[in-house]
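To be precise, the following lines are model-v4.txt, and they hold compact mmCIF, C-alpha atoms.
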```txt
# COMPACT_ATOMS: atom_id res chain seq x y z
CA MET A 225 -18.11 -7.42 -6.98
CA ASN A 226 -17.90 -6.42 -3.31
CA HIS A 227 -14.72 -5.22 -1.55
CA ASP A 228 -13.79 -8.56 -0.02
CA ALA A 229 -14.31 -10.58 -3.18
CA TRP A 230 -12.30 -8.01 -5.14
CA LEU A 231 -9.48 -8.00 -2.57
CA ALA A 232 -9.39 -11.80 -2.48
CA ALA A 233 -9.23 -11.90 -6.28
CA LEU A 234 -6.45 -9.28 -6.22
CA THR A 235 -4.46 -11.40 -3.76
CA GLY A 236 -4.67 -14.35 -6.14
CA GLU A 237 -3.77 -12.27 -9.19
CA LEU A 238 -0.72 -10.71 -7.48
CA ARG A 239 0.53 -14.18 -6.61
CA ARG A 240 -0.06 -15.26 -10.19
CA HIS A 241 2.05 -12.32 -11.36
CA GLY A 242 4.91 -13.44 -9.14
CA VAL A 243 4.53 -10.69 -6.53
CA GLY A 244 5.93 -11.97 -3.21
CA PRO A 245 3.71 -12.55 -0.17
CA ASP A 246 5.08 -9.54 1.77
CA LEU A 247 4.46 -7.04 -1.00
CA THR A 248 1.12 -8.67 -1.82
CA GLY A 249 0.06 -8.07 1.78
CA HIS A 250 1.07 -4.39 1.57
CA VAL A 251 -0.66 -3.81 -1.78
CA VAL A 252 -3.88 -5.51 -0.71
CA ALA A 253 -3.98 -3.76 2.66
CA GLU A 254 -3.34 -0.38 1.04
CA ALA A 255 -6.13 -0.99 -1.48
CA ALA A 256 -8.47 -2.05 1.35
CA THR A 257 -7.67 1.18 3.23
CA HIS A 258 -8.34 3.28 0.15
CA LEU A 259 -11.66 1.54 -0.50
CA ALA A 260 -12.72 1.96 3.13
CA GLU A 261 -11.85 5.68 3.08
CA SER A 262 -13.24 6.56 -0.34
CA GLY A 263 -16.33 4.35 -0.08
CA GLU A 264 -16.07 3.82 -3.84
CA PRO A 265 -16.50 0.52 -5.67
CA PRO A 266 -13.18 -1.31 -6.28
CA LEU A 267 -13.82 -1.75 -10.00
CA ARG A 268 -14.08 2.01 -10.49
CA VAL A 269 -11.06 2.86 -8.30
CA PHE A 270 -8.67 0.08 -9.29
CA GLY A 271 -10.23 -1.68 -12.27
CA PRO A 272 -10.40 -5.47 -12.60
CA PRO A 273 -8.11 -7.35 -10.15
CA GLU A 274 -6.13 -8.85 -13.04
CA ALA A 275 -5.39 -5.44 -14.60
CA TYR A 276 -4.41 -3.86 -11.29
CA ALA A 277 -2.16 -6.82 -10.40
CA ARG A 278 -0.46 -6.43 -13.79
CA ALA A 279 0.06 -2.69 -13.19
CA VAL A 280 1.61 -3.46 -9.80
CA ALA A 281 3.86 -6.16 -11.26
CA ASP A 282 4.89 -3.79 -14.08
CA SER A 283 5.82 -1.06 -11.62
CA LEU A 284 8.27 -3.50 -10.05
CA GLY A 285 10.03 -3.79 -13.42
CA GLY A 286 13.39 -2.44 -12.39
CA PRO A 287 15.62 -3.85 -9.69
CA ASP A 288 14.87 -2.90 -6.10
CA GLN A 289 17.22 0.02 -5.45
CA ARG A 290 16.47 0.50 -1.80
CA PRO A 291 19.15 -0.35 0.73
CA PRO A 292 18.84 -3.99 1.78
CA ARG A 293 16.41 -4.58 4.59
CA ARG A 294 17.59 -5.83 7.88
CA ARG A 295 17.24 -9.56 8.08
CA PRO A 296 14.11 -10.64 9.93
CA GLY A 297 14.95 -11.16 13.60
CA PRO A 298 13.90 -13.83 16.05
CA VAL A 299 10.39 -15.26 16.07
CA ARG A 300 8.01 -12.93 17.93
CA LEU A 301 4.74 -14.71 17.27
CA ALA A 302 4.26 -18.39 16.59
CA ALA A 303 0.70 -19.64 16.15
CA ARG A 304 0.46 -23.38 15.57
CA GLY A 305 -2.57 -25.42 14.61
CA VAL A 306 -5.01 -22.81 15.86
CA THR A 307 -8.54 -24.17 15.63
CA LYS A 308 -11.76 -22.46 16.69
CA ARG A 309 -15.37 -23.53 16.37
CA TYR A 310 -18.48 -21.41 16.83
CA ARG A 311 -21.85 -23.13 17.18
CA GLY A 312 -20.60 -26.27 15.48
CA ARG A 313 -19.01 -24.35 12.60
CA THR A 314 -15.21 -24.54 12.25
CA VAL A 315 -14.07 -20.93 11.82
CA LEU A 316 -10.34 -21.62 12.04
CA ASP A 317 -8.92 -24.95 11.02
CA ARG A 318 -5.32 -25.62 12.10
CA VAL A 319 -3.98 -22.16 11.21
CA ASP A 320 -0.22 -21.57 11.47
CA LEU A 321 1.46 -18.16 11.44
CA THR A 322 5.05 -17.22 12.19
CA VAL A 323 6.01 -13.56 12.44
CA ARG A 324 9.60 -12.53 13.05
CA ALA A 325 10.88 -9.25 14.44
CA GLY A 326 10.97 -6.63 11.68
CA GLU A 327 8.44 -8.45 9.53
CA ILE A 328 5.02 -7.15 8.58
CA ALA A 329 2.19 -9.62 8.25
CA ALA A 330 -1.22 -8.98 6.72
CA VAL A 331 -4.16 -11.22 7.47
CA VAL A 332 -6.40 -11.19 4.44
CA GLY A 333 -9.74 -12.90 3.99
CA ALA A 334 -13.36 -12.57 3.00
CA ASN A 335 -16.08 -11.38 5.34
CA GLY A 336 -16.51 -13.87 8.17
CA ALA A 337 -13.36 -15.78 7.25
CA GLY A 338 -12.16 -15.57 10.86
CA LYS A 339 -9.52 -12.82 10.62
CA SER A 340 -10.63 -11.06 13.78
CA THR A 341 -11.08 -14.33 15.65
CA PHE A 342 -7.58 -15.36 14.66
CA LEU A 343 -6.05 -12.05 15.73
CA ARG A 344 -7.99 -12.10 19.01
CA ILE A 345 -6.55 -15.54 19.71
CA CYS A 346 -3.06 -14.30 18.80
CA ALA A 347 -3.52 -11.37 21.17
CA GLY A 348 -4.63 -13.69 23.97
CA LEU A 349 -8.13 -12.20 24.14
CA LEU A 350 -9.74 -15.47 23.13
CA SER A 351 -8.80 -19.10 23.73
CA PRO A 352 -8.49 -21.49 20.79
CA ASP A 353 -10.24 -24.87 20.95
CA SER A 354 -6.89 -26.37 20.09
CA GLY A 355 -3.48 -25.13 19.02
CA THR A 356 -0.96 -22.84 20.64
CA VAL A 357 0.18 -19.23 20.40
CA ARG A 358 3.62 -18.31 21.60
CA ILE A 359 4.52 -14.64 21.88
CA ASP A 360 7.98 -13.31 22.58
CA ALA A 361 7.38 -9.70 23.49
CA THR A 362 10.96 -9.01 24.54
CA ALA A 363 11.80 -5.45 23.59
CA PRO A 364 14.70 -5.26 21.15
CA ARG A 365 17.89 -4.58 23.07
CA THR A 366 19.21 -1.60 21.14
CA ALA A 367 19.87 2.06 21.73
CA VAL A 368 17.53 2.96 18.87
CA PRO A 369 14.45 4.96 19.89
CA PRO A 370 11.20 2.98 19.80
CA SER A 371 9.84 4.75 16.73
CA SER A 372 12.62 3.43 14.50
CA SER A 373 13.26 0.11 16.20
CA THR A 374 12.15 -3.11 14.63
CA ARG A 375 8.73 -4.16 15.71
CA THR A 376 6.22 -6.74 14.81
CA SER A 377 3.11 -5.25 13.37
CA THR A 378 -0.04 -6.96 12.32
CA SER A 379 -2.24 -4.99 10.05
CA CYS A 380 -5.90 -5.81 9.67
CA TRP A 381 -9.09 -4.12 8.70
CA SER A 382 -12.67 -4.80 9.39
CA ALA A 383 -14.21 -6.38 6.38
CA ARG A 384 -17.20 -4.64 4.86
CA GLY A 385 -19.60 -5.78 2.24
CA GLY A 386 -21.50 -3.92 -0.43
CA GLY A 387 -20.11 -1.40 -2.91
CA MET B 12 -10.24 19.27 -22.77
CA ASP B 13 -9.38 16.24 -24.90
CA GLN B 14 -9.44 13.53 -22.24
CA GLU B 15 -6.99 11.24 -24.00
CA ARG B 16 -4.39 13.96 -24.44
CA ARG B 17 -4.87 15.04 -20.87
CA ALA B 18 -4.30 11.46 -19.68
CA GLN B 19 -1.13 11.32 -21.78
CA TRP B 20 0.21 14.53 -20.26
CA LEU B 21 -0.61 13.29 -16.79
CA ARG B 22 1.26 10.03 -17.36
CA GLY B 23 4.40 12.05 -18.00
CA VAL B 24 4.22 14.18 -14.86
CA LEU B 25 2.18 12.27 -12.30
CA ASP B 26 5.25 10.94 -10.48
CA LEU B 27 6.64 14.49 -10.22
CA CYS B 28 3.33 15.83 -8.91
CA VAL B 29 3.21 13.06 -6.31
CA LEU B 30 6.81 13.75 -5.28
CA ALA B 31 6.04 17.46 -4.94
CA LEU B 32 2.90 16.85 -2.86
CA VAL B 33 4.70 14.43 -0.54
CA SER B 34 7.62 16.88 -0.21
CA ARG B 35 5.21 19.25 1.61
CA GLY B 36 4.56 16.66 4.29
CA GLU B 37 3.97 12.94 4.62
CA SER B 38 0.77 11.70 3.08
CA TYR B 39 -1.13 8.55 2.09
CA GLY B 40 -2.76 7.36 -1.11
CA TYR B 41 -6.32 8.54 -0.59
CA GLU B 42 -5.21 11.96 0.65
CA LEU B 43 -2.88 12.32 -2.35
CA SER B 44 -5.69 11.50 -4.76
CA GLN B 45 -7.79 14.22 -3.10
CA ALA B 46 -4.91 16.69 -3.30
CA LEU B 47 -4.34 15.98 -7.01
CA ARG B 48 -8.01 16.64 -7.64
CA ALA B 49 -7.94 19.82 -5.57
CA HIS B 50 -5.04 21.02 -7.73
CA GLY B 51 -7.17 20.60 -10.85
CA LEU B 52 -5.68 17.40 -12.22
CA GLY B 53 -9.04 15.62 -12.11
CA ILE B 54 -9.65 12.21 -10.65
CA VAL B 55 -6.54 10.05 -10.55
CA GLN B 56 -7.83 6.61 -9.73
CA GLY B 57 -6.10 4.27 -7.30
CA GLY B 58 -5.26 1.91 -10.14
CA THR B 59 -3.03 4.66 -11.56
CA LEU B 60 -1.80 6.29 -8.36
CA TYR B 61 -0.61 3.33 -6.29
CA PRO B 62 1.68 1.80 -8.94
CA VAL B 63 3.33 5.24 -9.19
CA LEU B 64 3.79 5.35 -5.41
CA LEU B 65 5.20 1.83 -5.48
CA ARG B 66 7.67 2.77 -8.23
CA LEU B 67 8.80 5.88 -6.32
CA GLN B 68 9.22 3.78 -3.19
CA ARG B 69 11.15 1.07 -5.01
CA SER B 70 13.50 3.59 -6.57
CA GLY B 71 14.22 5.05 -3.15
CA LEU B 72 12.64 8.47 -3.76
CA LEU B 73 9.91 7.87 -1.19
CA THR B 74 9.94 5.94 2.06
CA ALA B 75 6.80 4.38 3.49
CA HIS B 76 5.53 3.11 6.80
CA TRP B 77 2.22 1.88 8.16
CA ARG B 78 0.49 3.70 10.96
CA GLU B 79 -2.72 2.90 12.78
CA GLY B 80 -5.36 5.59 12.47
CA ARG B 81 -7.14 6.83 15.59
CA THR B 82 -10.29 5.87 13.75
CA GLY B 83 -10.53 3.80 10.61
CA PRO B 84 -7.98 1.47 9.06
CA ALA B 85 -4.18 1.63 9.23
CA ARG B 86 -2.67 3.79 6.49
CA LYS B 87 0.54 3.54 4.54
CA TYR B 88 2.21 6.94 4.87
CA TYR B 89 4.78 8.14 2.36
CA ARG B 90 7.64 10.53 3.04
CA ILE B 91 10.15 12.01 0.61
CA SER B 92 13.75 10.81 0.93
CA PRO B 93 16.85 12.99 0.41
CA ALA B 94 17.26 11.31 -3.00
CA GLY B 95 13.61 12.17 -3.73
CA SER B 96 14.14 15.83 -2.84
CA ALA B 97 17.18 16.01 -5.11
CA ALA B 98 15.29 14.30 -7.97
CA LEU B 99 12.37 16.68 -7.49
CA ARG B 100 14.61 19.77 -7.64
CA ALA B 101 16.28 18.56 -10.84
CA ALA B 102 12.98 17.57 -12.47
CA THR B 103 11.36 20.89 -11.55
CA THR B 104 14.13 22.77 -13.39
CA ASP B 105 13.81 20.44 -16.38
CA TRP B 106 10.03 20.75 -16.45
CA ASN B 107 10.09 24.53 -16.31
CA ALA B 108 12.50 24.67 -19.25
CA PHE B 109 10.39 22.15 -21.18
CA ALA B 110 7.08 23.92 -20.49
CA LEU B 111 8.65 27.23 -21.49
CA SER B 112 9.81 25.78 -24.83
CA VAL B 113 6.40 24.27 -25.56
CA GLY B 114 4.70 27.50 -24.57
CA ALA B 115 6.99 29.51 -26.83
CA ILE B 116 6.25 27.29 -29.82
CA LEU B 117 2.50 27.21 -29.23
CA SER B 118 2.12 30.94 -28.79
CA GLU B 119 4.48 31.98 -31.59
CA GLU B 120 2.82 34.26 -34.15
CA PRO B 121 2.73 32.74 -37.64
CA GLN B 122 5.29 34.37 -39.96
CA ARG B 123 4.10 36.06 -43.11
```

Mind turning the file's structure into structure tokens?
Amino acid sequence: MNHDAWLAALTGELRRHGVGPDLTGHVVAEAATHLAESGEPPLRVFGPPEAYARAVADSLGGPDQRPPRRRPGPVRLAARGVTKRYRGRTVLDRVDLTVRAGEIAAVVGANGAGKSTFLRICAGLLSPDSGTVRIDATAPRTAVPPSSSTRTSTSCWSARGGG
Amino acid sequence: MDQERRAQWLRGVLDLCVLALVSRGESYGYELSQALRAHGLGIVQGGTLYPVLLRLQRSGLLTAHWREGRTGPARKYYRISPAGSAALRAATTDWNAFALSVGAILSEEPQR
């Protein structure tokens, strides 16, 4: 099983175990980083997706004791109906994404699924065939230094096969 | 060494070892797995390590944030919290007392 197939299966298994989309994004992205850095096969490092998802769900057993997070702020990125075709192939088909200030979003997908294309469109580096991207890049009006202020962050990795 | 017993021991202290390593400076999963190995604890696979990190984060002993690497993928960095430092100090005292007791029993000369 290659990295991307394993990560996609893990995403599904975490959902099945009732892990929320935010935490699922973090867990999958962290696993992807580890696999990229260690260069080891996912089955050896993490075991089968189902078993790892269960271990993650089990480690959430107790109540969340961290101080409550700040509520997500205003919408910073709103992608609506983003569609992109390459050489007659539809790479992105009416993709929506809303990211609010203080939220973390992970874009997860198999090799060639269109993650980079989607993010390039969100960043304004590429035009969609249809759909819109609205970005509100207003800096938060607070006295907090930038390092600890709320910010919108999109985490992605370059997909790699093999392993 | 008996691998099963070793795994059992590790289960009991892995969270403390991770807390102690992170207390020396922020770190991320892969680096921590390397550090554990360098300290002679063998290979702690991601499937074991990350749930421990998640539990420590959820219980407020570690804080975490993502940071882009200059090269390579973004990493989730962990830092010890004040509650984590306090828990580590208490657990270190407890562990030392426990290890001392076990050591005393194991190395006691049989009575005649």

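Shell of Ala75 (chain B) at 8 Å, with all atoms listed in the file counted and residues fewer than 4 places along the chain excluded, is Gln68, Lys87, Tyr88, Tyr89 and Arg90 of chain B.
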
(request) Tell me, as a count of residues only, which residues lie within 6 Å of region 244-260 of chain A, counting all atoms listed in the file; anything in the same chain fewer than 5 positions away does not count. (result) 3

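The closest residue to chain B, picked from A:Gly333, A:Pro296, A:Gly338, A:Gly271 and counting only C-alpha atoms, is A:Gly271.
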
(request) Could you please select, counting only C-alpha atoms, the residues of chain B within 7 Å of chain A and state them as a ChimeraX atom specification? (result) /B:41,56-58,62,65-66,69-71,84-87

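When all atoms listed in the file are used to measure the gap to Gly326 (chain A), the shortest distance among A:Leu231, A:Leu301, A:Val306, A:Ala347 belongs to A:Leu301.
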
(message) Is it possible to get the residues within 10 Å of (15.6, -15.0, 17.6) (coordinates as in the file, counting all atoms listed in the file) written as a ChimeraX atom specification?
(response) /A:296-300,324-325,360

Expected file: the selected residues, C-alpha atoms, as a PDB file, keeping the file's coordinate frame:
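Listing of out-v5.pdb after writing:
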```
ATOM      1  CA  PRO A 296      14.110 -10.640   9.930  1.00  0.00           C
ATOM      2  CA  GLY A 297      14.950 -11.160  13.600  1.00  0.00           C
ATOM      3  CA  PRO A 298      13.900 -13.830  16.050  1.00  0.00           C
ATOM      4  CA  VAL A 299      10.390 -15.260  16.070  1.00  0.00           C
ATOM      5  CA  ARG A 300       8.010 -12.930  17.930  1.00  0.00           C
ATOM      6  CA  ARG A 324       9.600 -12.530  13.050  1.00  0.00           C
ATOM      7  CA  ALA A 325      10.880  -9.250  14.440  1.00  0.00           C
ATOM      8  CA  ASP A 360       7.980 -13.310  22.580  1.00  0.00           C
TER       9      ASP A 360
END
```

(request) Please provide as number ranges by chain all residues within 9 Å of Val33 (chain B), with the sequence filter that same-chain residues fewer than 3 positions apart are discarded (counting all atoms listed in the file). (result) B: 28-30, 36-39, 43, 73, 89-91

(request) Work out how far apart CA of Gly236 (chain A) and CA of His76 (chain B) are and give it in Å to one decimal. (result) 24.0 Å

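The nearest approach to Thr307 (chain A) among the residues A:Ala229, A:Leu238, A:Val319, A:Val243, with only C-alpha atoms taken into account, belongs to A:Val319.
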
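Between CA of Ala98 (chain B) and CA of Leu64 (chain B) the interatomic distance comes to 14.8 Å.
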
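CA of Trp106 (chain B) lies 17.4 Å from CA of Ala18 (chain B).
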
(message) When you count only C-alpha atoms, which of these residues is closest to Asp228 (chain A): A:Ala337, A:Ala329, A:Ala302, A:Leu316?
(response) A:Ala337

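Using all atoms listed in the file, the nearest neighbour of Arg344 (chain A) within the list A:Ala361, A:Lys308, A:Asp317, A:Ala232 is A:Lys308.
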
(message) If we count only C-alpha atoms and set the cut-off at 8 Å, which residues sit around Gly355 (chain A), ignoring sequence neighbours fewer than 2 positions away in its own chain? Please answer as a ChimeraX atom specification.
(response) /A:303-307,318,352-353,357
